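Asks: Sharing protein_6.cif, mmCIF, C-alpha atoms:
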data_my_file
#
loop_
_atom_site.label_atom_id
_atom_site.label_comp_id
_atom_site.auth_asym_id
_atom_site.auth_seq_id
_atom_site.Cartn_x
_atom_site.Cartn_y
_atom_site.Cartn_z
CA MET A 147 -1.23 11.27 31.48
CA SER A 148 0.25 8.59 29.25
CA GLY A 149 -1.99 7.09 26.63
CA MET A 150 -3.74 10.36 25.79
CA ASN A 151 -2.76 10.19 22.12
CA GLU A 152 -2.73 6.43 21.57
CA HIS A 153 -5.67 6.84 19.19
CA LEU A 154 -3.61 9.14 16.94
CA LEU A 155 -1.58 7.63 14.09
CA ASN A 156 1.00 10.12 12.85
CA PHE A 157 2.88 9.97 9.57
CA LYS A 158 4.71 12.53 7.47
CA GLY A 159 1.97 14.90 6.30
CA LEU A 160 -0.86 12.64 7.51
CA MET A 161 -2.60 12.20 10.88
CA ILE A 162 -5.34 9.67 11.60
CA ASP A 163 -7.54 10.02 14.68
CA GLU A 164 -9.13 6.62 15.29
CA VAL A 165 -11.61 7.89 17.92
CA GLN A 166 -12.95 10.91 16.04
CA ARG A 167 -12.50 9.10 12.69
CA VAL A 168 -10.72 12.12 11.24
CA ILE A 169 -7.94 12.24 8.65
CA ILE A 170 -5.77 15.36 8.47
CA ARG A 171 -3.52 15.76 5.42
CA GLU A 172 -1.31 18.87 5.30
CA ASN A 173 -3.64 20.65 7.78
CA GLN A 174 -6.74 19.82 5.71
CA GLU A 175 -9.43 17.42 6.88
CA ILE A 176 -9.99 14.62 4.39
CA GLU A 177 -13.44 13.05 4.04
CA LEU A 178 -13.39 9.26 3.78
CA THR A 179 -16.29 6.83 3.70
CA TYR A 180 -16.63 4.34 6.55
CA THR A 181 -15.01 1.57 4.50
CA GLU A 182 -12.20 3.78 3.18
CA PHE A 183 -11.39 4.83 6.76
CA GLU A 184 -11.33 1.20 7.92
CA ILE A 185 -8.96 0.20 5.12
CA LEU A 186 -6.63 3.15 5.74
CA LYS A 187 -6.67 2.46 9.50
CA LEU A 188 -5.79 -1.21 8.88
CA PHE A 189 -2.76 -0.20 6.82
CA ALA A 190 -1.68 2.63 9.13
CA LYS A 191 -1.78 0.42 12.23
CA HIS A 192 0.51 -2.10 10.50
CA PRO A 193 3.04 -0.08 8.46
CA GLY A 194 5.21 -2.23 6.21
CA ILE A 195 2.94 -5.29 6.52
CA VAL A 196 1.58 -6.52 3.19
CA PHE A 197 -2.13 -7.35 3.08
CA SER A 198 -3.67 -9.29 0.21
CA LYS A 199 -6.99 -8.18 -1.26
CA GLU A 200 -8.54 -11.26 0.39
CA GLN A 201 -7.15 -10.34 3.82
CA ILE A 202 -8.31 -6.73 3.48
CA TYR A 203 -11.81 -7.88 2.56
CA ASP A 204 -11.98 -10.43 5.39
CA ILE A 205 -10.80 -7.90 8.01
CA VAL A 206 -12.70 -4.79 6.89
CA TRP A 207 -15.96 -6.41 5.82
CA LYS A 208 -15.70 -8.99 8.66
CA GLU A 209 -16.66 -11.82 6.35
CA SER A 210 -14.89 -14.06 3.91
CA TYR A 211 -15.49 -13.27 0.29
CA SER A 212 -15.09 -15.66 -2.60
CA GLY A 213 -15.99 -13.40 -5.50
CA ASP A 214 -14.49 -10.39 -7.18
CA TYR A 215 -11.97 -8.35 -5.18
CA ASN A 216 -12.29 -5.32 -7.45
CA ILE A 217 -14.27 -3.65 -4.67
CA VAL A 218 -11.10 -3.61 -2.51
CA MET A 219 -9.05 -2.17 -5.37
CA SER A 220 -11.75 0.43 -6.01
CA HIS A 221 -11.69 1.61 -2.38
CA ILE A 222 -7.89 1.77 -2.37
CA ARG A 223 -7.98 3.83 -5.58
CA ASN A 224 -10.48 6.22 -3.90
CA ILE A 225 -8.29 6.54 -0.79
CA ARG A 226 -5.26 7.30 -2.95
CA GLU A 227 -7.22 10.00 -4.83
CA LYS A 228 -7.96 11.66 -1.49
CA ILE A 229 -4.64 11.38 0.41
CA GLU A 230 -1.86 11.13 -2.17
CA ASP A 231 -0.12 14.05 -3.88
CA ASN A 232 0.09 11.92 -7.01
CA PRO A 233 -2.33 8.96 -6.87
CA SER A 234 -0.61 7.26 -9.81
CA LYS A 235 2.68 7.31 -7.82
CA PRO A 236 1.42 6.71 -4.29
CA SER A 237 3.72 7.29 -1.33
CA TYR A 238 1.39 6.19 1.51
CA ILE A 239 -0.36 3.07 0.20
CA GLN A 240 2.07 1.02 -1.86
CA THR A 241 1.24 -1.82 -4.22
CA VAL A 242 3.27 -4.99 -3.80
CA TRP A 243 2.79 -6.56 -7.23
CA GLY A 244 1.29 -10.03 -7.16
CA VAL A 245 0.82 -9.90 -3.38
CA GLY A 246 -1.27 -6.95 -2.18
CA TYR A 247 -0.86 -3.56 -0.53
CA ARG A 248 1.02 -2.02 2.38
CA PHE A 249 1.42 1.29 4.16
CA ASN A 250 4.84 2.88 3.65
CA LYS A 251 6.70 2.31 6.94
CA ASN A 252 9.25 5.02 6.00
CA LEU A 253 6.58 7.69 6.55
CA ILE A 254 6.20 7.08 10.29
CA ALA A 255 6.55 10.47 12.00
#
Have the structure of the file written as structure tokens, please.
Replies:
Amino acid sequence: MSGMNEHLLNFKGLMIDEVQRVIIRENQEIELTYTEFEILKLFAKHPGIVFSKEQIYDIVWKESYSGDYNIVMSHIRNIREKIEDNPSKPSYIQTVWGVGYRFNKNLIA
């Protein structure tokens, strides 16, 4: 029965179920909005890959955006508040200054 858990993304202390749209952090279910889940899933499926705010917007919102990308930063801040031990020193979603954001590839379980 290979492929049974292909929809599960496992990291140290964090599990993401793509099918049920569930996030488990330290045995606690974390509530994310639709958009927050999509952003976290994008990062988690590509650990170590840096995404710019523009790329995140284009992929998650499925449209190009030419305005203010603060909405992306706001969602990332909300995700960090929900999944990080210390949101001001995030271990899962890392900022790459001047470039964008990435998921910490060192946390792959």
Asks: Quick one: residues within 12 Å of stretch 213-219 of chain A, only C-alpha atoms counted, chain neighbours fewer than 5 positions away excluded, as a list in words?
Replies: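 Skipping anything fewer than 5 positions along the chain leaves Thr181, Glu182, Glu184, Ile185, Leu186, Phe197, Ser198, Lys199, Glu200, Gln201, Ile202, Tyr203, Asp204, Ile205, Val206, Trp207, Asn224, Ile225, Arg226, Ile239, Thr241, Gly246 and Tyr247 of chain A.
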Asks: From the list A:Phe249, A:Ile169, A:Met161, A:Val242, which residue is nearest A:Leu188 when using all atoms listed in the file?
Replies: A:Phe249
Asks: What's the separation between atom CA of A:His221 and atom CA of A:Gln240, in Å to one decimal place?
Replies: 13.8 Å
Asks: Taking only C-alpha atoms into account, name the residue in A:Ala190, A:Asn173, A:Val196, A:Pro233 that is nearest to A:Ala255.
Replies: A:Ala190
Asks: May I have the protein, DNA and RNA residues with an atom at most 8 Å from (2.9, -2.6, 8.0), counting only C-alpha atoms in the file's coordinates, returned as a PyMOL selection string?
Replies: chain A and resi 189-196+248-251
Asks: Would you compute the distance between atom CA of A:Glu230 and atom CA of A:Glu172? Give it in Å to one decimal.
Replies: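 Between atom CA of A:Glu230 and atom CA of A:Glu172 the gap works out to 10.8 Å.
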Asks: Residues near A:His153, anyone? I mean within 10 Å using only C-alpha atoms, not counting same-chain ones fewer than 5 positions away, as a list in words.
Replies: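 After dropping sequence-adjacent residues, the list is Ile162, Asp163, Glu164, Val165, Gln166 and Arg167 of chain A.
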Asks: How about saving the chosen residues, C-alpha atoms kept, as a PDB file, in the frame of the given file?
Replies:
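Heads up, here's the output in again_12.pdb:
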ATOM      1  CA  ILE A 162      -5.340   9.670  11.600  1.00  0.00           C
ATOM      2  CA  ASP A 163      -7.540  10.020  14.680  1.00  0.00           C
ATOM      3  CA  GLU A 164      -9.130   6.620  15.290  1.00  0.00           C
ATOM      4  CA  VAL A 165     -11.610   7.890  17.920  1.00  0.00           C
ATOM      5  CA  GLN A 166     -12.950  10.910  16.040  1.00  0.00           C
ATOM      6  CA  ARG A 167     -12.500   9.100  12.690  1.00  0.00           C
TER       7      ARG A 167
END
Asks: Between atom CA of A:Leu178 and atom CA of A:Glu227, what is the distance, to one decimal in Å?
Replies: 10.6 Å
Asks: Given all atoms listed in the file as the basis, pick out the residue of A:Asn151, A:Glu175, A:Phe157, A:Glu209 nearest to A:Asn252.
Replies: A:Phe157
Asks: Hey, which of A:Tyr211, A:Thr179, A:Arg223, A:Lys187 ends up closest to A:Leu154? Count only C-alpha atoms.
Replies: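 Answer, going by the shortest atom-to-atom distance: A:Lys187.
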